[in-house]
Each structure stands twice: as C-alpha cells, then as structure tokens.
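Raw structure30.pdb, PDB, C-alpha atoms:
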ATOM      1  CA  MET J   1       0.000   0.000   0.000
ATOM      2  CA  SER J   2       1.394   3.413  -0.857
ATOM      3  CA  GLU J   3       2.027   6.193   1.676
ATOM      4  CA  LYS J   4      -0.638   8.355   0.021
ATOM      5  CA  LYS J   5      -3.391   5.835   0.788
ATOM      6  CA  LYS J   6      -2.217   5.274   4.362
ATOM      7  CA  GLN J   7      -2.302   9.001   5.219
ATOM      8  CA  LEU J   8      -5.896   9.847   4.204
ATOM      9  CA  LEU J   9      -6.471  11.629   7.530
ATOM     10  CA  SER J  10      -3.912  13.594   9.430
ATOM     11  CA  ASP J  11      -3.333  12.786  13.084
ATOM     12  CA  GLU J  12      -5.134  15.973  14.086
ATOM     13  CA  ASP J  13      -8.185  15.118  11.937
ATOM     14  CA  ALA J  14      -8.264  11.570  13.299
ATOM     15  CA  SER J  15      -8.238  12.787  16.904
ATOM     16  CA  ILE J  16     -11.039  15.288  16.172
ATOM     17  CA  PHE J  17     -13.080  12.485  14.588
ATOM     18  CA  ARG J  18     -12.537  10.198  17.613
ATOM     19  CA  GLN J  19     -13.639  12.980  19.985
ATOM     20  CA  GLU J  20     -16.819  13.584  18.004
ATOM     21  CA  VAL J  21     -17.933   9.937  17.781
ATOM     22  CA  GLU J  22     -16.834   9.047  21.304
ATOM     23  CA  ALA J  23     -20.169   9.932  22.909
ATOM     24  CA  ASP J  24     -22.280   8.312  20.193
ATOM     25  CA  ARG J  25     -23.973   5.007  20.828
ATOM     26  CA  GLN J  26     -24.897   2.223  18.461
ATOM     27  CA  LEU J  27     -28.418   2.314  17.067
ATOM     28  CA  HIS J  28     -30.540  -0.782  17.469
ATOM     29  CA  HIS J  29     -33.227  -1.857  15.045
ATOM     30  CA  ASP J  30     -35.929  -4.502  14.934
ATOM     31  CA  LYS J  31     -34.806  -6.066  11.648
ATOM     32  CA  ALA J  32     -33.571  -9.641  11.451
ATOM     33  CA  GLU J  33     -29.846 -10.147  11.236
ATOM     34  CA  PRO J  34     -28.686 -11.455   7.843
ATOM     35  CA  PHE J  35     -26.183 -13.818   9.395
ATOM     36  CA  ARG J  36     -26.241 -15.939  12.491
ATOM     37  CA  ARG J  37     -23.559 -18.099  13.942
ATOM     38  CA  ARG J  38     -24.058 -21.806  13.624
ATOM     39  CA  ARG J  39     -23.881 -23.891  16.710
ATOM     40  CA  ARG J  40     -21.095 -26.430  16.722
ATOM     41  CA  PRO J  41     -22.214 -30.067  16.425
ATOM     42  CA  VAL J  42     -22.220 -31.873  19.736
ATOM     43  CA  PRO J  43     -21.831 -35.654  19.813
ATOM     44  CA  LEU J  44     -24.725 -37.596  21.248
ATOM     45  CA  PRO J  45     -24.221 -39.051  24.710
ATOM     46  CA  PRO J  46     -24.288 -42.846  24.838
ATOM     47  CA  ASN J  47     -27.779 -44.096  25.551
ATOM     48  CA  PRO J  48     -27.962 -47.425  27.373
ATOM     49  CA  GLN J  49     -31.765 -47.604  26.979
ATOM     50  CA  VAL J  50     -31.671 -47.924  23.175
ATOM     51  CA  THR J  51     -30.500 -51.254  21.780
ATOM     52  CA  GLY J  52     -29.218 -51.889  18.259
ATOM     53  CA  GLU J  53     -32.406 -53.640  17.160
ATOM     54  CA  GLU J  54     -34.631 -50.794  18.348
ATOM     55  CA  VAL J  55     -32.407 -48.223  16.682
ATOM     56  CA  GLU J  56     -32.472 -49.670  13.191
ATOM     57  CA  GLU J  57     -36.085 -50.827  13.109
ATOM     58  CA  GLY J  58     -38.319 -48.931  10.754
ATOM     59  CA  PHE J  59     -35.700 -47.841   8.200
ATOM     60  CA  VAL J  60     -36.286 -49.465   4.839
ATOM     61  CA  ASP J  61     -34.772 -48.436   1.511
ATOM     62  CA  LEU J  62     -37.477 -46.949  -0.689
ATOM     63  CA  SER J  63     -37.308 -46.181  -4.367
ATOM     64  CA  ILE J  64     -37.868 -42.441  -4.061
ATOM     65  CA  GLU J  65     -36.226 -40.046  -6.448
ATOM     66  CA  THR J  66     -34.384 -37.304  -4.579
ATOM     67  CA  SER J  67     -34.258 -33.873  -6.151
ATOM     68  CA  ASP J  68     -31.764 -31.147  -5.322
ATOM     69  CA  GLU J  69     -34.159 -29.549  -2.793
ATOM     70  CA  LEU J  70     -35.654 -31.791  -0.116
ATOM     71  CA  SER J  71     -39.300 -31.155   0.687
ATOM     72  CA  PHE J  72     -41.821 -33.327   2.531
ATOM     73  CA  VAL J  73     -44.965 -32.402   4.461
ATOM     74  CA  ARG J  74     -47.486 -34.698   6.092
ATOM     75  CA  PRO J  75     -51.166 -33.876   5.643
ATOM     76  CA  GLY J  76     -52.404 -31.577   8.390
ATOM     77  CA  VAL J  77     -49.233 -29.516   8.765
ATOM     78  CA  GLN J  78     -50.058 -25.849   8.290
ATOM     79  CA  THR J  79     -48.630 -24.239   5.158
ATOM     80  CA  ARG J  80     -47.451 -21.191   7.069
ATOM     81  CA  LEU J  81     -45.568 -23.350   9.582
ATOM     82  CA  PHE J  82     -43.816 -25.202   6.753
ATOM     83  CA  GLN J  83     -42.911 -21.905   5.038
ATOM     84  CA  GLU J  84     -41.385 -20.610   8.267
ATOM     85  CA  LEU J  85     -39.388 -23.837   8.552
ATOM     86  CA  ARG J  86     -38.091 -23.488   4.973
ATOM     87  CA  ARG J  87     -37.071 -19.865   5.494
ATOM     88  CA  GLY J  88     -35.194 -20.679   8.683
ATOM     89  CA  HIS J  89     -37.477 -18.580  10.880
ATOM     90  CA  ILE J  90     -37.880 -21.424  13.376
ATOM     91  CA  ARG J  91     -34.634 -21.907  15.240
ATOM     92  CA  PRO J  92     -33.502 -25.559  15.479
ATOM     93  CA  ASP J  93     -33.309 -27.045  18.968
ATOM     94  CA  ASP J  94     -30.490 -29.454  18.122
ATOM     95  CA  LEU J  95     -27.978 -30.263  15.383
ATOM     96  CA  LEU J  96     -26.734 -33.548  13.916
ATOM     97  CA  ASP J  97     -23.775 -33.654  11.529
ATOM     98  CA  LEU J  98     -23.761 -36.847   9.424
ATOM     99  CA  HIS J  99     -21.650 -35.899   6.437
ATOM    100  CA  GLY J 100     -18.579 -38.040   6.009
ATOM    101  CA  LEU J 101     -20.206 -41.090   7.662
ATOM    102  CA  ARG J 102     -21.015 -44.402   6.024
ATOM    103  CA  VAL J 103     -24.682 -45.303   5.484
ATOM    104  CA  ALA J 104     -24.860 -47.898   8.286
ATOM    105  CA  GLU J 105     -23.276 -45.503  10.789
ATOM    106  CA  ALA J 106     -25.522 -42.642   9.696
ATOM    107  CA  ARG J 107     -28.657 -44.810  10.026
ATOM    108  CA  SER J 108     -27.794 -45.834  13.558
ATOM    109  CA  ILE J 109     -26.830 -42.317  14.666
ATOM    110  CA  LEU J 110     -29.931 -40.797  13.039
ATOM    111  CA  ALA J 111     -32.221 -43.260  14.823
ATOM    112  CA  GLN J 112     -30.557 -42.486  18.164
ATOM    113  CA  PHE J 113     -30.760 -38.769  17.470
ATOM    114  CA  LEU J 114     -34.481 -38.923  16.605
ATOM    115  CA  ALA J 115     -35.181 -41.053  19.697
ATOM    116  CA  ASN J 116     -33.331 -38.510  21.833
ATOM    117  CA  ALA J 117     -35.182 -35.607  20.176
ATOM    118  CA  LYS J 118     -38.500 -37.309  20.826
ATOM    119  CA  ARG J 119     -37.596 -38.053  24.441
ATOM    120  CA  HIS J 120     -36.692 -34.376  25.002
ATOM    121  CA  ARG J 121     -39.730 -33.192  23.010
ATOM    122  CA  LEU J 122     -37.713 -31.109  20.542
ATOM    123  CA  ARG J 123     -39.693 -29.268  17.862
ATOM    124  CA  VAL J 124     -37.158 -28.604  15.083
ATOM    125  CA  VAL J 125     -33.795 -30.269  14.453
ATOM    126  CA  HIS J 126     -31.076 -29.479  11.919
ATOM    127  CA  ILE J 127     -29.454 -32.436  10.127
ATOM    128  CA  ILE J 128     -26.340 -31.932   8.018
ATOM    129  CA  HIS J 129     -26.018 -34.693   5.427
ATOM    130  CA  GLY J 130     -23.549 -33.122   3.002
ATOM    131  CA  LYS J 131     -23.677 -32.653  -0.750
ATOM    132  CA  GLY J 132     -21.944 -35.863  -1.770
ATOM    133  CA  TYR J 133     -18.661 -34.401  -2.974
ATOM    134  CA  GLY J 134     -16.708 -37.003  -0.998
ATOM    135  CA  SER J 135     -18.513 -40.050  -2.429
ATOM    136  CA  GLN J 136     -17.148 -42.078  -5.329
ATOM    137  CA  GLU J 137     -19.962 -41.128  -7.682
ATOM    138  CA  GLN J 138     -20.047 -37.487  -6.493
ATOM    139  CA  GLN J 139     -23.712 -38.175  -5.636
ATOM    140  CA  PRO J 140     -25.331 -37.259  -2.316
ATOM    141  CA  ILE J 141     -25.912 -40.759  -0.959
ATOM    142  CA  LEU J 142     -26.718 -39.676   2.595
ATOM    143  CA  LYS J 143     -29.108 -37.048   1.282
ATOM    144  CA  GLN J 144     -31.026 -39.754  -0.592
ATOM    145  CA  LYS J 145     -31.086 -41.967   2.494
ATOM    146  CA  ILE J 146     -32.220 -39.105   4.760
ATOM    147  CA  ASN J 147     -35.044 -38.390   2.278
ATOM    148  CA  GLN J 148     -36.140 -42.038   2.531
ATOM    149  CA  TRP J 149     -35.628 -42.582   6.256
ATOM    150  CA  LEU J 150     -37.318 -39.429   7.540
ATOM    151  CA  ARG J 151     -40.491 -40.200   5.586
ATOM    152  CA  GLN J 152     -40.773 -43.507   7.469
ATOM    153  CA  ARG J 153     -40.772 -41.979  10.937
ATOM    154  CA  ASP J 154     -44.159 -41.053  12.390
ATOM    155  CA  GLU J 155     -42.699 -38.317  14.590
ATOM    156  CA  VAL J 156     -41.407 -36.464  11.493
ATOM    157  CA  LEU J 157     -44.139 -34.058  10.398
ATOM    158  CA  ALA J 158     -42.143 -32.258   7.698
ATOM    159  CA  PHE J 159     -38.620 -31.685   6.448
ATOM    160  CA  CYS J 160     -36.965 -29.486   3.875
ATOM    161  CA  SER J 161     -33.566 -28.315   2.697
ATOM    162  CA  ALA J 162     -32.093 -25.680   4.966
ATOM    163  CA  PRO J 163     -31.628 -22.067   3.821
ATOM    164  CA  ARG J 164     -28.254 -21.151   2.309
ATOM    165  CA  PHE J 165     -26.971 -19.613   5.545
ATOM    166  CA  ASP J 166     -27.455 -22.950   7.346
ATOM    167  CA  GLY J 167     -26.097 -25.425   4.790
ATOM    168  CA  GLY J 168     -28.470 -25.112   1.845
ATOM    169  CA  THR J 169     -28.982 -28.350  -0.064
ATOM    170  CA  GLY J 170     -26.371 -30.064   2.126
ATOM    171  CA  ALA J 171     -28.583 -29.883   5.213
ATOM    172  CA  ALA J 172     -32.202 -30.288   6.261
ATOM    173  CA  TYR J 173     -34.562 -28.825   8.828
ATOM    174  CA  VAL J 174     -36.892 -31.415  10.362
ATOM    175  CA  LEU J 175     -40.176 -30.553  12.087
ATOM    176  CA  LEU J 176     -41.012 -33.114  14.772
ATOM    177  CA  SER J 177     -44.212 -33.990  16.558
ATOM    178  CA  ARG J 178     -44.252 -33.551  20.313
ATOM    179  CA  LYS J 179     -47.028 -36.091  20.840
ATOM    180  CA  LYS J 180     -46.164 -39.126  22.926
ATOM    181  CA  GLY J 181     -48.236 -41.688  20.999
ATOM    182  CA  ASP J 182     -46.542 -41.499  17.580
ATOM    183  CA  ASP J 183     -44.734 -44.830  17.952
ATOM    184  CA  GLU J 184     -47.812 -46.663  19.203
ATOM    185  CA  ARG J 185     -49.782 -46.016  15.977
ATOM    186  CA  ARG J 186     -47.640 -48.462  13.989
TER     187      ARG J 186
END

Output the structure of this file as structure tokens.
Amino acid sequence: MSEKKKQLLSDEDASIFRQEVEADRQLHHDKAEPFRRRRRPVPLPPNPQVTGEEVEEGFVDLSIETSDELSFVRPGVQTRLFQELRRGHIRPDDLLDLHGLRVAEARSILAQFLANAKRHRLRVVHIIHGKGYGSQEQQPILKQKINQWLRQRDEVLAFCSAPRFDGGTGAAYVLLSRKKGDDERR
C-alpha cells in the first residue's frame, strides 16, 4: 500500500473524529440479522436404553427419487408453519452432523438422534447430510437416504432443505411432533 493511501487523515483530523464519535452510541433496530452463527455439532451421549435392534427398526430403503431440494410435508401440517421452517425462521433445537459417515453408521446415529429428540420433546432439528462431494460417484448418498428414512418416521411431520446460511442443499430442517403416541400407531 502506498504512503498516500495510508495518510488519508492527518493525526489531528483523526483525533477530532474520535472525539466527536466518542459519545455516540450504536443504534438498534428490529430487523432480522442477515447472518447468524451456527452452533457447533455436539456428539450424542451414549444411551444405554436404546439397543441396536430398536435403533435400526423402521428404516427401509425406498425407491424415491431425490431432487436437489428436499421437501416433505405430512397432511395436516399448516402451510405457514412449513414456510417458516423453509425460510429458517424457526430456530432448530439441536444439530446432527452426518456428512462423512457411512450409510450404516448414519442410520444408527440418526435413529438415536431422533429417539433422543423425541424423548426431550424437541420441535425442530437441523441435520447436516452433506452434498456428496466425498462419495465415489459425487452423488449425495446420505441425502437420498435421509429423504427415505425421515419419511418412514411417524414423529417427522415435515422436512426441507435448509436455507443457504445454514447449509443449503447439504442440510435439512426437520419438524417433529411432540405427541407421545406417535410410535404406538404403527
């Protein structure tokens, strides 16, 4: 950088400026912030109550075509609620990062995560599945599996791709039911 650009203000002008803005305070507004910090993923604590058979039950591979944007809504879910979920207006209660895992590991961890979310009566969770850049075919395998698996769970009312600021098409927001009897309907 040249000396001319460094010396835009003289020392006297800079001190006058500092004196003038010293007493000013920051203005606050009621607008939403364009950026928010993401919470770091936290590993799930081991759960001795959930066995391997209970964890993997209910996940079957379906022949569902997965588009770039994930979107699923059960009948009865209000349109406005789903739109707020898609826009990221409902803050997730918990986060699960699956990208980089193998399918069997992801299935087990997802089932544990959903069981934990149901036990704690969480409303919205954020699942990061990745975009598939690390797979051999450069296809989002976990994204396809998440699309299939979440549809099979009764406690999942809706899910969609997250907004760009929270992972975009490499992540999903999941709206969960807080009712206790969802498992007993099967």

Residues matched by the PyMOL selection byres ((chain J and resi 73) around 12) as a PyMOL selection string: chain J and resi 70-72+74-83+85-86+147+150-151+154-160+173-176

Distance of CA of His129 in chain J from CA of Gly168 in chain J, expressed in Å to one decimal place: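 These atoms are spaced 10.5 Å apart.
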
Test item: residues at most 6 Å from Ser161 in chain J, all atoms listed in the file, excluding those fewer than 3 positions along its chain, as a list in words: Glu69, Leu70, Thr169, Ala171 and Ala172 of chain J

What does the file look like for those residues with C-alpha atoms, as a short mmCIF file (atom, residue, chain, number, x, y, z; two decimals), in the frame of the given file?
data_model
loop_
_atom_site.label_atom_id
_atom_site.label_comp_id
_atom_site.auth_asym_id
_atom_site.auth_seq_id
_atom_site.Cartn_x
_atom_site.Cartn_y
_atom_site.Cartn_z
CA GLU J 69 -34.16 -29.55 -2.79
CA LEU J 70 -35.65 -31.79 -0.12
CA THR J 169 -28.98 -28.35 -0.06
CA ALA J 171 -28.58 -29.88 5.21
CA ALA J 172 -32.20 -30.29 6.26
#

Using all atoms listed in the file: which of J:Arg121, J:His28, J:Arg91, J:Arg107 has the shortest distance to Gln144 in chain J: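 Checking each of J:Arg121, J:His28, J:Arg91, J:Arg107 against Gln144 in chain J, counting all atoms listed in the file, the winner is J:Arg107.
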
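As for CA of Leu98 in chain J and CA of Ile128 in chain J, they are spaced 5.7 Å apart.
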
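The smallest atom-to-atom distance between Arg87 in chain J and any of J:Ala117, J:Gln152, J:Asp166, J:Ser15, using all atoms listed in the file, is found for J:Asp166.
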
Hits from the PyMOL selection byres ((chain J and resi 113) around 10), listed as a list in words: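 This file, filtered by the PyMOL selection byres ((chain J and resi 113) around 10), leaves Pro43, Leu44, Pro45, Val55, Asp94, Leu95, Leu96, Arg107, Ser108, Ile109, Leu110, Ala111, Gln112, Leu114, Ala115, Asn116, Ala117, Lys118, Arg119, Val125 and Ile127 of chain J.
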
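Coordinates place CA of Gly167 in chain J at a distance of 11.5 Å from CA of His99 in chain J.
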
Using only C-alpha atoms: which of J:Gln26, J:Val21, J:Gly170, J:Leu8 has the shortest distance to Gly100 in chain J: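 Smallest distance to Gly100 in chain J is found for J:Gly170.
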
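Distances here use only C-alpha atoms; by that measure, the residue among J:His29, J:Arg18, J:His89, J:Lys143 closest to Pro163 in chain J is J:His89.
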